[in-house]
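Visitor: Structure file run_24.cif, mmCIF, C-alpha atoms and all ligand atoms, is pasted below:
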data_entry
loop_
_atom_site.label_atom_id
_atom_site.label_comp_id
_atom_site.auth_asym_id
_atom_site.auth_seq_id
_atom_site.Cartn_x
_atom_site.Cartn_y
_atom_site.Cartn_z
CA MET A 1 20.11 -16.89 -0.84
CA TRP A 2 21.11 -14.38 1.86
CA TYR A 3 20.23 -11.52 -0.45
CA ASN A 4 16.81 -13.02 -1.10
CA ASN A 5 16.41 -13.69 2.61
CA ALA A 6 16.86 -9.94 3.25
CA ASP A 7 14.55 -9.16 0.34
CA ALA A 8 11.92 -11.51 1.80
CA ALA A 9 12.06 -9.54 5.07
CA TYR A 10 11.50 -6.30 3.15
CA HIS A 11 8.78 -7.89 1.05
CA GLN A 12 6.71 -9.15 3.97
CA ALA A 13 7.19 -6.21 6.34
CA ILE A 14 7.04 -3.31 3.91
CA THR A 15 5.75 -4.21 0.46
CA HIS A 16 3.10 -6.68 1.58
CA LEU A 17 1.90 -6.48 5.20
CA GLY A 18 2.94 -2.94 6.09
CA MET A 19 2.03 -0.93 3.02
CA THR A 20 -1.01 -2.87 1.85
CA HIS A 21 -2.73 -4.68 4.76
CA MET A 22 -1.85 -2.33 7.64
CA LEU A 23 -1.82 1.00 5.84
CA MET A 24 -5.10 0.30 4.09
CA GLU A 25 -6.71 -0.78 7.36
CA GLY A 26 -6.06 2.78 8.57
CA VAL A 27 -7.61 4.18 5.40
CA THR A 28 -10.61 1.86 5.87
CA LEU A 29 -11.15 3.13 9.42
CA ALA A 30 -10.82 6.77 8.35
CA THR A 31 -13.38 6.14 5.60
CA HIS A 32 -15.92 4.51 7.92
CA ARG A 33 -15.43 7.19 10.56
CA ASN A 34 -15.80 10.21 8.28
CA LEU A 35 -17.84 9.37 5.18
CA SER A 36 -21.50 8.42 5.29
CA LEU A 37 -22.64 5.25 3.54
CA SER A 38 -24.29 7.39 0.85
CA HIS A 39 -21.17 9.49 0.14
CA PRO A 40 -19.99 8.90 -3.46
CA ILE A 41 -16.37 8.38 -2.37
CA PHE A 42 -17.48 5.87 0.27
CA LYS A 43 -19.39 3.96 -2.40
CA LEU A 44 -16.38 4.01 -4.70
CA LEU A 45 -13.93 2.79 -2.05
CA ALA A 46 -16.02 0.35 0.01
CA PRO A 47 -15.72 -2.66 -2.35
CA HIS A 48 -11.92 -2.39 -2.13
CA PHE A 49 -12.02 -2.75 1.64
CA LEU A 50 -14.09 -5.95 1.53
CA TYR A 51 -12.69 -8.54 4.02
CA LEU A 52 -9.63 -6.36 4.72
CA ILE A 53 -10.23 -6.08 8.46
CA ALA A 54 -11.27 -9.75 8.62
CA ILE A 55 -8.00 -10.90 7.01
CA ASN A 56 -5.99 -8.52 9.18
CA THR A 57 -7.59 -10.08 12.25
CA GLY A 58 -6.45 -13.45 10.88
CA TRP A 59 -2.92 -12.05 10.60
CA GLU A 60 -2.82 -12.04 14.41
CA LEU A 61 -2.20 -15.78 14.23
CA LEU A 62 0.77 -15.15 11.99
CA VAL A 63 2.28 -12.24 13.84
CA SER A 64 1.66 -13.13 17.50
CA ASP A 65 4.55 -14.18 19.77
CA GLY A 66 5.51 -17.72 18.79
CA GLY A 67 3.29 -17.47 15.68
CA TRP A 68 4.18 -18.26 12.09
CA VAL A 69 6.42 -15.25 11.53
CA ASP A 70 8.50 -16.17 14.60
CA LYS A 71 8.81 -19.71 13.23
CA THR A 72 9.51 -18.98 9.56
CA MET A 73 11.20 -15.58 9.21
CA ASN A 74 14.64 -14.53 10.45
CA PHE A 75 13.48 -11.20 11.83
CA GLY A 76 10.68 -12.75 13.92
CA ASN A 77 7.61 -11.01 15.15
CA LYS A 78 9.40 -8.10 16.83
CA GLY A 79 11.63 -7.46 13.84
CA LEU A 80 8.61 -7.48 11.55
CA PHE A 81 6.91 -4.69 13.48
CA ALA A 82 10.14 -2.71 13.85
CA LEU A 83 10.53 -2.77 10.07
CA ILE A 84 6.85 -1.88 9.44
CA SER A 85 7.19 1.08 11.78
CA LYS A 86 10.34 2.23 9.97
CA GLY A 87 8.57 1.91 6.62
CA LEU A 88 5.50 3.85 7.76
CA ASN A 89 7.72 6.71 8.87
CA THR A 90 9.16 7.19 5.38
CA TRP A 91 6.46 5.92 2.96
CA ARG A 92 4.78 8.75 1.03
CA MET A 93 1.48 8.50 -0.82
CA ASP A 94 2.69 10.86 -3.56
CA LEU A 95 5.90 8.88 -4.12
CA GLU A 96 5.86 5.19 -3.17
CA GLY A 97 2.03 5.17 -3.28
CA THR A 98 1.80 6.66 -6.77
CA LEU A 99 3.09 4.04 -9.22
CA PRO A 100 4.58 6.30 -11.95
CA ASN A 101 6.47 8.30 -9.27
CA ASP A 102 7.53 5.14 -7.47
CA LEU A 103 8.96 3.61 -10.67
CA LYS A 104 10.76 6.85 -11.49
CA GLY A 105 12.12 7.19 -7.95
CA ARG A 106 13.58 3.67 -8.12
CA GLY A 107 15.02 4.19 -11.62
CA LEU A 108 12.73 1.57 -13.15
CA ASP A 109 10.84 3.73 -15.64
CA ASP A 110 13.42 3.85 -18.45
CA LEU A 111 12.56 1.30 -21.14
CA ASN A 112 16.04 1.62 -22.67
CA VAL A 113 17.72 0.71 -19.40
CA LEU A 114 15.25 -1.99 -18.37
CA PRO A 115 13.22 -3.14 -21.37
CA CYS A 116 11.72 -6.29 -19.85
CA TYR A 117 10.23 -5.52 -16.46
CA HIS A 118 6.89 -7.28 -16.61
CA PHE A 119 5.50 -5.91 -13.34
CA ARG A 120 6.06 -2.32 -14.51
CA ASN A 121 4.67 -2.98 -17.99
CA ASP A 122 1.47 -4.59 -16.70
CA ALA A 123 0.94 -2.51 -13.55
CA ILE A 124 1.25 0.85 -15.30
CA LEU A 125 -1.60 -0.10 -17.67
CA LEU A 126 -3.78 -1.01 -14.71
CA TYR A 127 -2.77 2.13 -12.79
CA GLU A 128 -3.71 4.30 -15.77
CA VAL A 129 -7.08 2.65 -16.32
CA ILE A 130 -7.95 2.95 -12.59
CA ASN A 131 -6.90 6.61 -12.65
CA LYS A 132 -8.98 7.29 -15.77
CA TYR A 133 -12.07 5.73 -14.22
CA ILE A 134 -11.63 7.66 -10.98
CA LYS A 135 -11.17 10.95 -12.84
CA SER A 136 -14.47 10.46 -14.68
CA TYR A 137 -16.20 9.49 -11.40
CA VAL A 138 -14.85 12.45 -9.42
CA ILE A 139 -15.86 15.01 -12.05
CA LEU A 140 -19.36 13.55 -12.11
CA TYR A 141 -19.89 14.33 -8.42
CA TYR A 142 -17.67 17.42 -8.19
CA PRO A 143 -18.18 19.59 -11.29
CA THR A 144 -16.11 22.30 -9.53
CA ASP A 145 -13.24 22.36 -7.04
CA ASN A 146 -15.35 24.63 -4.88
CA LEU A 147 -17.88 21.85 -4.20
CA LEU A 148 -15.06 19.63 -3.04
CA GLN A 149 -13.62 22.31 -0.76
CA LYS A 150 -17.04 22.68 0.93
CA ASP A 151 -17.55 18.93 1.44
CA THR A 152 -17.03 18.65 5.19
CA GLU A 153 -17.04 14.83 5.19
CA ILE A 154 -14.27 14.54 2.62
CA GLN A 155 -12.22 17.26 4.35
CA LYS A 156 -12.47 15.49 7.72
CA TRP A 157 -11.53 12.23 6.01
CA ALA A 158 -8.44 13.82 4.44
CA ALA A 159 -7.49 15.45 7.73
CA GLU A 160 -7.62 12.13 9.57
CA LEU A 161 -5.46 10.40 6.98
CA VAL A 162 -2.59 12.80 7.72
CA LYS A 163 -3.22 13.43 11.43
CA GLU A 164 -0.43 12.09 13.60
CA ARG A 165 -1.06 8.54 14.83
CA ASN A 166 -2.36 8.83 18.35
CA GLY A 167 -4.12 5.65 19.46
CA SER A 168 -7.64 6.29 20.70
CA GLU A 169 -7.73 9.84 19.31
CA GLY A 170 -7.45 8.59 15.74
CA GLY A 171 -5.09 9.76 13.04
CA PHE A 172 -3.07 7.60 10.64
CA GLY A 173 -0.03 9.80 10.03
CA ILE A 174 0.20 9.10 6.29
CA LEU A 175 2.91 11.19 4.67
CA GLY A 176 2.69 12.85 1.25
CA VAL A 177 -1.11 12.86 1.00
CA PRO A 178 -1.92 15.37 -1.78
CA GLY A 179 -3.30 18.54 -0.14
CA ASN A 180 -1.81 17.42 3.21
CA GLY A 181 -5.17 17.06 4.96
CA GLN A 182 -7.02 19.83 3.11
CA ILE A 183 -8.13 18.81 -0.36
CA GLN A 184 -8.30 21.87 -2.61
CA THR A 185 -8.56 20.36 -6.07
CA ARG A 186 -10.20 17.41 -7.77
CA GLN A 187 -6.77 16.37 -9.00
CA GLN A 188 -5.64 15.89 -5.40
CA LEU A 189 -8.70 13.76 -4.60
CA GLU A 190 -8.15 11.71 -7.77
CA GLN A 191 -4.55 10.98 -6.82
CA ILE A 192 -5.50 9.94 -3.26
CA VAL A 193 -8.36 7.68 -4.39
CA THR A 194 -6.28 6.17 -7.21
CA CYS A 195 -3.54 5.31 -4.71
CA ILE A 196 -6.04 3.61 -2.39
CA VAL A 197 -7.78 1.59 -5.12
CA TYR A 198 -4.47 0.65 -6.77
CA THR A 199 -2.93 -0.39 -3.41
CA CYS A 200 -5.92 -2.54 -2.41
CA SER A 201 -6.10 -4.24 -5.80
CA VAL A 202 -3.02 -4.30 -8.06
CA SER A 203 -0.36 -3.61 -5.45
CA HIS A 204 -1.68 -6.19 -3.01
CA ALA A 205 -2.26 -8.80 -5.71
CA SER A 206 1.29 -8.41 -7.03
CA THR A 207 2.83 -8.92 -3.58
CA ASN A 208 0.38 -11.51 -2.21
CA PHE A 209 -0.41 -14.01 -4.93
CA PRO A 210 3.11 -15.00 -6.06
CA GLN A 211 4.04 -15.99 -2.48
CA TYR A 212 3.68 -19.74 -3.01
CA GLU A 213 5.72 -19.66 -6.21
CA GLU A 214 8.48 -17.62 -4.57
CA TYR A 215 8.65 -19.04 -1.04
CA ALA A 216 7.61 -22.68 -1.39
CA PHE A 217 11.11 -23.77 -2.49
CA PRO A 218 13.29 -22.20 0.22
CA PRO A 219 16.54 -22.05 -1.79
CA ASN A 220 14.73 -19.73 -4.21
CA TYR A 221 13.43 -17.24 -1.68
CA PRO A 222 14.19 -18.22 1.92
CA GLY A 223 12.27 -16.60 4.76
CA LEU A 224 14.53 -18.28 7.30
CA LEU A 225 18.23 -19.12 7.07
CA ARG A 226 20.30 -20.40 9.95
CA GLY A 227 24.03 -19.75 10.44
CA ARG A 228 25.71 -16.62 9.15
CA PRO A 229 26.06 -15.03 5.73
CA PRO A 230 29.41 -15.81 4.05
CA SER A 231 32.05 -13.20 4.81
CA ASP A 232 34.96 -14.48 2.74
CA ALA A 233 33.49 -14.51 -0.76
CA VAL A 234 36.11 -14.84 -3.47
CA CYS A 235 35.63 -12.97 -6.73
CA CYS A 236 36.18 -15.08 -9.79
FE FE A 301 -1.99 -10.28 1.62
#
Would you mind giving the structure from this file in structure tokens?
Guide:
Amino acid sequence: MWYNNADAAYHQAITHLGMTHMLMEGVTLATHRNLSLSHPIFKLLAPHFLYLIAINTGWELLVSDGGWVDKTMNFGNKGLFALISKGLNTWRMDLEGTLPNDLKGRGLDDLNVLPCYHFRNDAILLYEVINKYIKSYVILYYPTDNLLQKDTEIQKWAAELVKERNGSEGGFGILGVPGNGQIQTRQQLEQIVTCIVYTCSVSHASTNFPQYEEYAFPPNYPGLLRGRPPSDAVCC
């Protein structure tokens, strides 16, 4: 139970709220600020941002002082944001944000070692089909890399994704963005867009929708435990 309590903290701060809701809100803002409504990449991404800012505004009820997180999670509101901030300072789009690399990095990609990992088996199929669709879309609008390099809107968009976070001056400080703020190849654009679409759809769904099943019976996955973890466990 204590292990799952710690895992629940990681799940809500990093996997769910931090790296889907919050991170993708930044990407949404960068997209609206830099791409016109008629830009093909805007059109491709916009449906995936639907209601994102609205639901994040609703999160304020959950994460305000004395709100639901303070009442139901051990780390409370302040701990939640401390953990999100820590996660944002290490999360990389080309590693944690790119499913095949994420699975490999966590040692979860070897079927001989872990034959029955249903999330991996299902998610990789969805990742691949999203990536395939995006590749065919990108090549339709950018028959050459040169066209992409000259697209000032997309270059400004990429630059803002990686620019250091600086309040009113913009910038979302995302690490590991392919091209690091200057997209040179269609492959880099495909990887960035695949990450965004995958995160807003598959990644969020996998961390959001099982919450009732996991958390509703506290002994299974407790958000809040009182007392202290046992310190005198006996091996048997
Ligand atoms: Fe969610």
Visitor: Quick one: residues within 9 Å of Ile53 (chain A), all atoms listed in the file, excluding same-chain residues fewer than 3 positions away - as a PDB file with C-alpha atoms, keeping the file's coordinate frame?
Guide:
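Okay, this is what ended up in around.pdb:
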ATOM      1  CA  HIS A  21      -2.730  -4.680   4.760  1.00  0.00           C
ATOM      2  CA  GLU A  25      -6.710  -0.780   7.360  1.00  0.00           C
ATOM      3  CA  THR A  28     -10.610   1.860   5.870  1.00  0.00           C
ATOM      4  CA  PHE A  49     -12.020  -2.750   1.640  1.00  0.00           C
ATOM      5  CA  LEU A  50     -14.090  -5.950   1.530  1.00  0.00           C
ATOM      6  CA  ASN A  56      -5.990  -8.520   9.180  1.00  0.00           C
ATOM      7  CA  THR A  57      -7.590 -10.080  12.250  1.00  0.00           C
ATOM      8  CA  GLY A  58      -6.450 -13.450  10.880  1.00  0.00           C
TER       9      GLY A  58
END
Visitor: Determine the nearest neighbour of Thr185 (chain A) from the options A:Lys156, A:His39, A:His204, A:Lys135, counting all atoms listed in the file.
Guide: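 Checking each candidate against Thr185 (chain A), we get A:Lys135 as the closest.
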Visitor: If you count all atoms listed in the file, which residues fall within 7 Å of Gln149 (chain A), apart from same-chain ones fewer than 2 positions away, as JSON, numbers by chain?
Guide: {"A": [145, 146, 147, 151, 183, 184]}
Visitor: At most 10 Å is the cut-off: for each residue in chain A with any atom that close to an atom of ligand FE 301 (chain A), write down the nearest atom pair and the distance in Å rounded to one decimal, counting all atoms listed in the file, chain first then increasing number, as JSON lines.
Guide:
{"residue": "A:Gln12", "atom": "CA", "partner": "A:FE301", "partner_atom": "FE", "distance": 9.1}
{"residue": "A:Thr15", "atom": "CA", "partner": "A:FE301", "partner_atom": "FE", "distance": 9.9}
{"residue": "A:His16", "atom": "CA", "partner": "A:FE301", "partner_atom": "FE", "distance": 6.2}
{"residue": "A:Leu17", "atom": "CA", "partner": "A:FE301", "partner_atom": "FE", "distance": 6.5}
{"residue": "A:Gly18", "atom": "CA", "partner": "A:FE301", "partner_atom": "FE", "distance": 9.9}
{"residue": "A:Thr20", "atom": "CA", "partner": "A:FE301", "partner_atom": "FE", "distance": 7.5}
{"residue": "A:His21", "atom": "CA", "partner": "A:FE301", "partner_atom": "FE", "distance": 6.5}
{"residue": "A:Met22", "atom": "CA", "partner": "A:FE301", "partner_atom": "FE", "distance": 10.0}
{"residue": "A:Leu52", "atom": "CA", "partner": "A:FE301", "partner_atom": "FE", "distance": 9.1}
{"residue": "A:Ile55", "atom": "CA", "partner": "A:FE301", "partner_atom": "FE", "distance": 8.1}
{"residue": "A:Asn56", "atom": "CA", "partner": "A:FE301", "partner_atom": "FE", "distance": 8.7}
{"residue": "A:Trp59", "atom": "CA", "partner": "A:FE301", "partner_atom": "FE", "distance": 9.2}
{"residue": "A:Cys200", "atom": "CA", "partner": "A:FE301", "partner_atom": "FE", "distance": 9.6}
{"residue": "A:Ser203", "atom": "CA", "partner": "A:FE301", "partner_atom": "FE", "distance": 9.9}
{"residue": "A:His204", "atom": "CA", "partner": "A:FE301", "partner_atom": "FE", "distance": 6.2}
{"residue": "A:Ala205", "atom": "CA", "partner": "A:FE301", "partner_atom": "FE", "distance": 7.5}
{"residue": "A:Ser206", "atom": "CA", "partner": "A:FE301", "partner_atom": "FE", "distance": 9.4}
{"residue": "A:Thr207", "atom": "CA", "partner": "A:FE301", "partner_atom": "FE", "distance": 7.2}
{"residue": "A:Asn208", "atom": "CA", "partner": "A:FE301", "partner_atom": "FE", "distance": 4.7}
{"residue": "A:Phe209", "atom": "CA", "partner": "A:FE301", "partner_atom": "FE", "distance": 7.7}
{"residue": "A:Gln211", "atom": "CA", "partner": "A:FE301", "partner_atom": "FE", "distance": 9.3}
Visitor: So, counting all atoms listed in the file, which residue among A:Leu224, A:Ala46, A:Leu99, A:Ala8 is closest to Ile130 (chain A)?
Guide: A:Leu99
Visitor: Which is closest to Leu108 (chain A) among A:Thr144, A:Gln187, A:Asn121, A:Thr194, if we use all atoms listed in the file?
Guide: A:Asn121
Visitor: Show me as a list in words the residues that reach within 10 Å of (-9.5, 5.9, 17.4), counting only C-alpha atoms and using the file's own coordinates.
Guide: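 Answer for this query, in the requested form: Gly26, Leu29, Ala30, Arg33, Arg165, Asn166, Gly167, Ser168, Glu169, Gly170, Gly171 and Phe172 of chain A.
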Visitor: From the options A:Ala13, A:Met1, A:Ala6, A:Val177, which residue's atoms come nearest to Val69 (chain A), counting all atoms listed in the file?
Guide: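 Of all the options, A:Ala13 lies closest to Val69 (chain A).
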Visitor: From the set A:Ile139, A:Ala159, A:Ala123, A:Leu103, which residue has the shortest atom-to-atom contact distance to Val202 (chain A), counting only C-alpha atoms?
Guide: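 Ranking A:Ile139, A:Ala159, A:Ala123, A:Leu103 by distance to Val202 (chain A), first place goes to A:Ala123.
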Visitor: Taking all atoms listed in the file into account, name the residue in A:Pro229, A:Pro210, A:Pro218, A:Gly181 that is nearest to His11 (chain A).
Guide: A:Pro210
Visitor: Find the spatial neighbours of Tyr137 (chain A), counting all atoms listed in the file, within a cut-off of 12 Å - ignore same-chain residues fewer than 2 positions away - and output them as a list in words.
Guide: Pro40, Ile41, Lys43, Leu44, Leu45, Ile130, Asn131, Lys132, Tyr133, Ile134, Lys135, Ile139, Leu140, Tyr141, Tyr142, Pro143, Arg186, Gln187, Leu189, Glu190, Val193 and Thr194 of chain A
Visitor: Mind checking which residues fall within 9 Å of Phe75 (chain A), counting all atoms listed in the file, ignoring those fewer than 4 positions away in the same chain, and posting them as a list of chain:residue names?
Guide: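 Near Phe75 (chain A), the qualifying residues are A:Ala9, A:Val69, A:Asp70, A:Gly79, A:Leu80, A:Gly223, A:Leu224.
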Visitor: Just give me the gap between CA of Thr31 (chain A) and CA of Gly97 (chain A) in Å, one decimal is fine.
Guide: 17.8 Å
Visitor: In Å, rounded to a single decimal, give me how far CA of Trp157 (chain A) is from CA of Ser36 (chain A).
Guide: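 These two atoms are separated by 10.7 Å.
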